[in-house]
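K.L.:
Have a look at the structure that comes next, please.
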Amino acid sequence: MSEMGRLTGGSYTPFEYRRIVDQTKLTPDQAYYTPDWKAGTILLANNQALAVPAMRFNMAMRLVEVQDPSAEGGIRVVPPASVRGFILGAAGQNGQIFEVQSYRSATYSGKNYFESLNQGPVRLFLLHEVVERPAARNEALGVETRAAQYLRSTQPYVLRAGQERVEPLSLTKKAVLRLFNEKAPQMEAYASQNNLSYEQLPHIAKMMEHYKTLNN
């Protein structure tokens, strides 16, 4: 069995996966982070990496699809439980890094692929997913007034040293400064001196980079 085959052992068969994908009735633009197949790298649990010629991230099902001619149907499905993450982009390029993290939301508890934005004692992630907006009905008339909608969503999460799972981050001054513990006054001064906004993710990532230097 190939390395990719071992990663996907026990997951969906191609028939089962195609049936579930078809049942969601999502367009490729809705279901996938990018609908086009791209070269990338699977980050294995043993700290090794496996380059793949074509892959894409199915946000709706929290899975990575990899083209593999040796697989039935030509596609392997990689669940987050079997890997550390993946890099979207050809080897040697500055690809987007996604890491497997545990989290809990109102509708799901488990593991998912999160886009990683930085390294350090406080880390910033983005969760890309598909959320359902339920259908609306006029109960008096017994008719559906708006069909269910599936919408793309991107939400910031953070992981502090010692935590077992990422937590959602509110883009407010209070929530961001709370991340820096006793260094919060210094970080507030740094943000003020550099005109950094607590509502913009690139600015928050810059704060986290500076916080890292205070802990070295």
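Just so we're on the same page: first chain in the structure tokens is A, next is B, and so on; residues restart at 1 for each chain, and ligands are numbered from 1 in the order they show up.
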Could you tell me, as a VMD selection string, which residues of range 106-198 of chain A DSSP assigns to strand (DSSP E) when given the backbone?
P.N.:
chain A and resid 109 to 116 122 to 133 136 to 138 143 to 146 149 to 160 167 to 168
K.L.:
Within 9 Å of Arg165 in chain A, counting only C-alpha atoms, which residues qualify if same-chain residues fewer than 6 places away don't, as number ranges by chain?
P.N.:
A: 101-104, 158-159
K.L.:
What would the file look like if the residues just selected were written as a JSON list (two decimals), in the first residue's frame with N, CA and C atoms?
P.N.:
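Saved as part_22.json:
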[["chain", "number", "residue", "atom", "x", "y", "z"],
["A", 101, "GLN", "N", -5.81, 21.19, 14.26],
["A", 101, "GLN", "CA", -6.01, 21.64, 15.64],
["A", 101, "GLN", "C", -7.36, 21.14, 16.14],
["A", 102, "SER", "N", -7.43, 20.92, 17.45],
["A", 102, "SER", "CA", -8.71, 20.58, 18.08],
["A", 102, "SER", "C", -9.45, 21.85, 18.43],
["A", 103, "TYR", "N", -10.77, 21.82, 18.31],
["A", 103, "TYR", "CA", -11.58, 22.99, 18.66],
["A", 103, "TYR", "C", -13.00, 22.54, 18.98],
["A", 104, "ARG", "N", -13.76, 23.49, 19.47],
["A", 104, "ARG", "CA", -15.16, 23.23, 19.79],
["A", 104, "ARG", "C", -15.97, 24.45, 19.38],
["A", 158, "VAL", "N", -7.16, 31.46, 18.27],
["A", 158, "VAL", "CA", -5.83, 31.59, 18.87],
["A", 158, "VAL", "C", -5.49, 30.34, 19.67],
["A", 159, "LEU", "N", -4.19, 30.12, 19.81],
["A", 159, "LEU", "CA", -3.69, 29.03, 20.64],
["A", 159, "LEU", "C", -2.55, 29.56, 21.48]]
K.L.:
Name all residues at most 10 Å from range 54-61 of chain A (count only C-alpha atoms; drop same-chain ones fewer than 3 positions away) and give them as a ChimeraX atom specification.
P.N.:
/A:17,20-21,24,26,28,30-42,51,64-68,75-79,86-90,98,112-113,127-132,150-153
